[in-house]
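Below: one structure, written as structure tokens.
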Amino acid sequence: MTMTYQPLNLARWIIWSGFALLLIVAPLLFHSGASLSLLSQMGTVMIFALSFNMLLGQGGMLSFGHAVYSGLGAFFAIHAMNLATAGAPIPVTLIPLIGGIAGMGFGVLFGYVTTKKSGTTFSMITLGLVELVFAASLMFPEFFGGEGGVSTNRVIGKAFLGVTFGPQIQVYYLIAAWLFVSTAGMYAFTQTPLGRITNAVRDNPERVEFIGYDTQWVRYMTLILSAFFAGIAGGLSAINFEIVSAENVSAIRSGSVLLFTFIGGIGFFFGPMIGAVIGIFLTVMLSDFTKAWQLYLGVFFILIVMYAPGGVASLLMMNVQLMVHGKFKRVAPLLGAICASVLVIFAGAATLIEMLYHVTLDAGTGPMMRLVGTEINTAAPTAWIVGVVLVAIGTFAFRRVKTPFQHVWSEVSTEIEAATRKAEA
């Protein structure tokens, strides 16, 4: 037997150790009840978005019905919790696994049909599937609970080492543990032969067929695994909220994960995790401060698709590349000016939007409104003028800085490409 030496991948150990440390430390930094609830939601949506990206980013399968697998997994998980309450020996820590198995089972069932086609046809079939399951959830109240859904109590049986899963901090650490394991599992999938051939099917399915692989079978296997992790996310959601309803299997839930994944970046493994954090922030936290949160989310998504189709992750990685090659200092001043002008535009636009919402939706409360700790009179022209002026100044500054920024960015990118080719040669 011959022994070969494989050097330790130090960067990978640092990244995964840092990820684990972040999950452990996060509730110590954000320890309020609301913060823990927010972190828990982010954790479940991260798993959901990563599972969705197994289809979209890695397999090129745009699904409009991924909530079917997480939602049905959540329903089976919550029924398992109710069985445990009645005396069945099912620990809460394994409830997400039940959701995952249920999601995988429905992946086997539905995926056999949906993956027979690819491209637009696959997308339309998944859209019809999610509408079908959503309609069924209202037609069979015995299992789905009707419009009220199915509720449960996550505090089951006697405490084990003081853990009852009653306090939110304990639920968070359960979600964090499953998040770490699921993330590691989905990353490991990308390194397997199936994961590699899935990328090939995404890029050139005809060539994959020429070398002897069944592309439908590859898509089918990938969807089953994706459905498994989506079901885990659904099971964790059932534990976190203690209720599952028809909304969990709706097209709205599927659209949300699609939105978050695109925002984060489908071309990077960690992109959906960034998108989940941003998406939960915009849909949960921002909705507490403004009624226009959906407008902000929509505009942000449009801007990402138009100007950063690789998502937020691509923007981060481009700047990291500049830092690695020592070129960031040349770009930093103009990049700062671009960001400052965008912030000015946003300040003016947000002022105008909030005033418009107040005038149209809250006119009965009077002309006065509060914005960022400041009293604003929407009946007076001053605030409107300030908003318009801010947008105009920001737009003027952005247009002035845009051209030189593009010029410097192009120069730096060319230099990096030349250095990379020289190093490879």
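As shown in the structure tokens, the chain order sets the letters A, B, ...; within each chain, residues go from 1, and ligands are also counted from 1 in the order they appear.
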| Quick one: residues within 6 Å of stretch 50-60 of chain A, only C-alpha atoms counted, chain neighbours fewer than 4 positions away excluded, as a VMD selection string? | chain A and resid 198 to 199 202 226 229 to 230 266 to 267 272
| Distance query stretch 293-303 of chain A at most 9 Å, only C-alpha atoms, self and fewer than 5 positions along chain excluded, as a PyMOL selection string | chain A and resi 259-260+262-263+279+282-283+286-288+308-309+350
| request: Could you give me, as JSON, numbers by chain, each residue of stretch 80-111 of chain A that DSSP assigns to helix (DSSP H, G or I) when run on this structure's backbone? | output: {"A": [80, 81, 82, 83, 84, 85, 92, 93, 94, 95, 96, 97, 98, 99, 100, 101, 102, 103, 104, 105, 106, 107, 108, 109, 110, 111]}
Check which residues of stretch 213-332 of chain A sit at most 9 Å from stretch 30-39 of chain A using only C-alpha atoms, and return one row each with the closest pair of atoms and their distance in Å to one decimal, ordered by chain and rising number, as a tab-separated table.
residue	atom	partner	partner_atom	distance
A:Asn240	CA	A:Ser37	CA	8.2
A:Val277	CA	A:Leu39	CA	8.7
A:Ile280	CA	A:Leu38	CA	7.6
A:Phe281	CA	A:Leu38	CA	8.2
A:Val284	CA	A:Leu38	CA	7.8
A:Met285	CA	A:Leu38	CA	8.3
| task | Find the residue from A:Thr374, A:Ala419, A:Leu236, A:Thr414 that sits nearest to A:Tyr173; use only C-alpha atoms when measuring. | result | A:Leu236
| said: Would you pick out the contacts of stretch 376-382 of chain A at 10 Å or less, using only C-alpha atoms, so that residues sharing its chain but fewer than 6 positions from it are not included, and give the list as a VMD selection string? | reply: chain A and resid 351 to 352 354 to 356 358 to 359 363 366 to 370
| message | Which residues are near stretch 117-119 of chain A? Cut-off 10 Å, only C-alpha atoms, ignore same chain within fewer than 2 positions. Put them as a ChimeraX atom specification. | response | /A:60-63,112-115,121-125,202,205,215-216,219
| Secondary structure check, strand (DSSP E or B) residues of stretch 168-409 of chain A, as a PyMOL selection string | chain A and resi 243-244+368-371+374-377
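Shortest atom-to-atom contact with A:Phe228 among A:Lys402, A:His407, A:Lys327, A:His66: A:His66, counting only C-alpha atoms.
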| message | List the spatial neighbours of A:Gly234 as an MDAnalysis selection string - criterion: any atom at most 10 Å away, only C-alpha atoms, same-chain residues fewer than 5 positions off excluded. | response | chainID A and resid 44:45 47:48 67:78 95:100 102:103 228:229 239:240 244 248:249
Selected residues, N, CA and C atoms, written as a PDB file, in the first residue's frame, please.
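Written file, again13.pdb:
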ATOM      1  N   THR A  44     -33.356  29.245   9.068  1.00  0.00           N
ATOM      2  CA  THR A  44     -34.222  28.343   8.295  1.00  0.00           C
ATOM      3  C   THR A  44     -34.265  28.754   6.830  1.00  0.00           C
ATOM      4  N   VAL A  45     -34.320  30.058   6.564  1.00  0.00           N
ATOM      5  CA  VAL A  45     -34.372  30.529   5.174  1.00  0.00           C
ATOM      6  C   VAL A  45     -33.042  30.293   4.469  1.00  0.00           C
ATOM      7  N   ILE A  47     -31.106  27.645   4.853  1.00  0.00           N
ATOM      8  CA  ILE A  47     -31.166  26.253   4.383  1.00  0.00           C
ATOM      9  C   ILE A  47     -32.084  26.145   3.180  1.00  0.00           C
ATOM     10  N   PHE A  48     -33.225  26.811   3.251  1.00  0.00           N
ATOM     11  CA  PHE A  48     -34.208  26.780   2.156  1.00  0.00           C
ATOM     12  C   PHE A  48     -33.600  27.356   0.875  1.00  0.00           C
ATOM     13  N   ALA A  67     -41.411  25.673  -2.714  1.00  0.00           N
ATOM     14  CA  ALA A  67     -42.076  25.698  -1.410  1.00  0.00           C
ATOM     15  C   ALA A  67     -42.904  24.443  -1.167  1.00  0.00           C
ATOM     16  N   VAL A  68     -43.217  23.699  -2.230  1.00  0.00           N
ATOM     17  CA  VAL A  68     -43.972  22.452  -2.063  1.00  0.00           C
ATOM     18  C   VAL A  68     -43.230  21.502  -1.133  1.00  0.00           C
ATOM     19  N   TYR A  69     -41.916  21.385  -1.317  1.00  0.00           N
ATOM     20  CA  TYR A  69     -41.137  20.416  -0.552  1.00  0.00           C
ATOM     21  C   TYR A  69     -40.888  20.896   0.879  1.00  0.00           C
ATOM     22  N   SER A  70     -40.589  22.162   1.044  1.00  0.00           N
ATOM     23  CA  SER A  70     -40.403  22.674   2.405  1.00  0.00           C
ATOM     24  C   SER A  70     -41.730  22.711   3.155  1.00  0.00           C
ATOM     25  N   GLY A  71     -42.803  23.082   2.458  1.00  0.00           N
ATOM     26  CA  GLY A  71     -44.108  23.178   3.103  1.00  0.00           C
ATOM     27  C   GLY A  71     -44.662  21.827   3.509  1.00  0.00           C
ATOM     28  N   LEU A  72     -44.585  20.847   2.612  1.00  0.00           N
ATOM     29  CA  LEU A  72     -45.072  19.507   2.956  1.00  0.00           C
ATOM     30  C   LEU A  72     -44.190  18.883   4.031  1.00  0.00           C
ATOM     31  N   GLY A  73     -42.880  19.154   3.969  1.00  0.00           N
ATOM     32  CA  GLY A  73     -42.003  18.697   5.046  1.00  0.00           C
ATOM     33  C   GLY A  73     -42.400  19.294   6.379  1.00  0.00           C
ATOM     34  N   ALA A  74     -42.795  20.581   6.354  1.00  0.00           N
ATOM     35  CA  ALA A  74     -43.232  21.251   7.580  1.00  0.00           C
ATOM     36  C   ALA A  74     -44.513  20.631   8.125  1.00  0.00           C
ATOM     37  N   PHE A  75     -45.446  20.277   7.243  1.00  0.00           N
ATOM     38  CA  PHE A  75     -46.698  19.655   7.698  1.00  0.00           C
ATOM     39  C   PHE A  75     -46.440  18.297   8.350  1.00  0.00           C
ATOM     40  N   PHE A  76     -45.589  17.484   7.725  1.00  0.00           N
ATOM     41  CA  PHE A  76     -45.277  16.183   8.321  1.00  0.00           C
ATOM     42  C   PHE A  76     -44.534  16.355   9.638  1.00  0.00           C
ATOM     43  N   ALA A  77     -43.667  17.361   9.703  1.00  0.00           N
ATOM     44  CA  ALA A  77     -42.915  17.613  10.932  1.00  0.00           C
ATOM     45  C   ALA A  77     -43.837  18.024  12.067  1.00  0.00           C
ATOM     46  N   ILE A  78     -44.806  18.881  11.766  1.00  0.00           N
ATOM     47  CA  ILE A  78     -45.679  19.364  12.839  1.00  0.00           C
ATOM     48  C   ILE A  78     -46.638  18.274  13.295  1.00  0.00           C
ATOM     49  N   ILE A  95     -36.977  16.138  14.643  1.00  0.00           N
ATOM     50  CA  ILE A  95     -38.151  16.561  13.878  1.00  0.00           C
ATOM     51  C   ILE A  95     -37.749  17.102  12.501  1.00  0.00           C
ATOM     52  N   PRO A  96     -36.684  17.921  12.383  1.00  0.00           N
ATOM     53  CA  PRO A  96     -36.273  18.395  11.045  1.00  0.00           C
ATOM     54  C   PRO A  96     -35.928  17.254  10.095  1.00  0.00           C
ATOM     55  N   LEU A  97     -35.390  16.154  10.630  1.00  0.00           N
ATOM     56  CA  LEU A  97     -35.074  15.002   9.783  1.00  0.00           C
ATOM     57  C   LEU A  97     -36.341  14.379   9.215  1.00  0.00           C
ATOM     58  N   ILE A  98     -37.399  14.370  10.011  1.00  0.00           N
ATOM     59  CA  ILE A  98     -38.694  13.867   9.514  1.00  0.00           C
ATOM     60  C   ILE A  98     -39.182  14.754   8.379  1.00  0.00           C
ATOM     61  N   GLY A  99     -39.039  16.080   8.552  1.00  0.00           N
ATOM     62  CA  GLY A  99     -39.405  16.995   7.473  1.00  0.00           C
ATOM     63  C   GLY A  99     -38.575  16.749   6.228  1.00  0.00           C
ATOM     64  N   GLY A 100     -37.276  16.477   6.426  1.00  0.00           N
ATOM     65  CA  GLY A 100     -36.406  16.219   5.285  1.00  0.00           C
ATOM     66  C   GLY A 100     -36.784  14.948   4.549  1.00  0.00           C
ATOM     67  N   ALA A 102     -39.737  13.581   4.487  1.00  0.00           N
ATOM     68  CA  ALA A 102     -41.009  13.846   3.802  1.00  0.00           C
ATOM     69  C   ALA A 102     -40.756  14.653   2.520  1.00  0.00           C
ATOM     70  N   GLY A 103     -39.905  15.672   2.611  1.00  0.00           N
ATOM     71  CA  GLY A 103     -39.581  16.458   1.428  1.00  0.00           C
ATOM     72  C   GLY A 103     -38.943  15.597   0.351  1.00  0.00           C
ATOM     73  N   PHE A 228     -34.917  17.198  -0.041  1.00  0.00           N
ATOM     74  CA  PHE A 228     -34.584  16.728   1.309  1.00  0.00           C
ATOM     75  C   PHE A 228     -34.177  17.906   2.197  1.00  0.00           C
ATOM     76  N   PHE A 229     -33.277  18.744   1.712  1.00  0.00           N
ATOM     77  CA  PHE A 229     -32.822  19.878   2.520  1.00  0.00           C
ATOM     78  C   PHE A 229     -33.926  20.932   2.669  1.00  0.00           C
ATOM     79  N   ILE A 239     -40.903  24.004  14.002  1.00  0.00           N
ATOM     80  CA  ILE A 239     -40.473  24.102  15.400  1.00  0.00           C
ATOM     81  C   ILE A 239     -40.420  25.550  15.845  1.00  0.00           C
ATOM     82  N   ASN A 240     -39.907  26.408  14.992  1.00  0.00           N
ATOM     83  CA  ASN A 240     -39.719  27.812  15.348  1.00  0.00           C
ATOM     84  C   ASN A 240     -41.044  28.542  15.560  1.00  0.00           C
ATOM     85  N   VAL A 244     -48.105  25.655  11.072  1.00  0.00           N
ATOM     86  CA  VAL A 244     -47.889  25.510   9.632  1.00  0.00           C
ATOM     87  C   VAL A 244     -49.230  25.688   8.949  1.00  0.00           C
ATOM     88  N   ASN A 248     -47.410  28.043   3.662  1.00  0.00           N
ATOM     89  CA  ASN A 248     -46.118  27.365   3.573  1.00  0.00           C
ATOM     90  C   ASN A 248     -45.925  26.628   2.253  1.00  0.00           C
ATOM     91  N   VAL A 249     -47.002  26.299   1.556  1.00  0.00           N
ATOM     92  CA  VAL A 249     -46.895  25.600   0.269  1.00  0.00           C
ATOM     93  C   VAL A 249     -47.382  26.490  -0.874  1.00  0.00           C
TER      94      VAL A 249
END
| field | Shell of 12 Å around A:Tyr213, only C-alpha atoms, local chain residues under 2 positions omitted, as an MDAnalysis selection string | value | chainID A and resid 193:194 197:198 200:201 204:211 215:219
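Separating atom CA of A:Val257 from atom CA of A:Val130 is a distance of 13.6 Å.
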| field | Straight-line distance linking atom CA of A:Gly271 with atom CA of A:Ser256, stated in Å to one decimal | value |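 Calculated distance between atom CA of A:Gly271 and atom CA of A:Ser256 is 15.0 Å.
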| remark: A:Gly43 proximity check over A:Val372, A:Ala423, A:Glu142, A:Val181, using only C-alpha atoms: winner is A:Val181
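With only C-alpha atoms as the atoms that count, the minimum distance from A:Leu23 to the choices A:Phe165, A:Phe134, A:Trp178, A:Phe64 is reached by A:Trp178.
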| message | With only C-alpha atoms as the counted atoms, please give the residues lying no more than 12 Å from A:Asn153, apart from itself and same-chain residues fewer than 2 positions off, as a ChimeraX atom specification. | response | /A:77-86,92,150-151,155-157,164-166,238-244
| message | One number please: atom CA of A:Ala418 to atom CA of A:Met318, in Å, one decimal. | response |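 Result for atom CA of A:Ala418 versus atom CA of A:Met318: 16.0 Å, one decimal.
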| query | Which residue gives the smallest distance to A:Gln170 among A:Ile393, A:Val320, A:Ile24, A:Ile385, with only C-alpha atoms counted? | reply | A:Ile24
| query | Nearest to A:Leu127: which of A:Gly255, A:Pro27, A:Gly348, A:Gly311 is it, counting only C-alpha atoms? | reply | A:Gly255
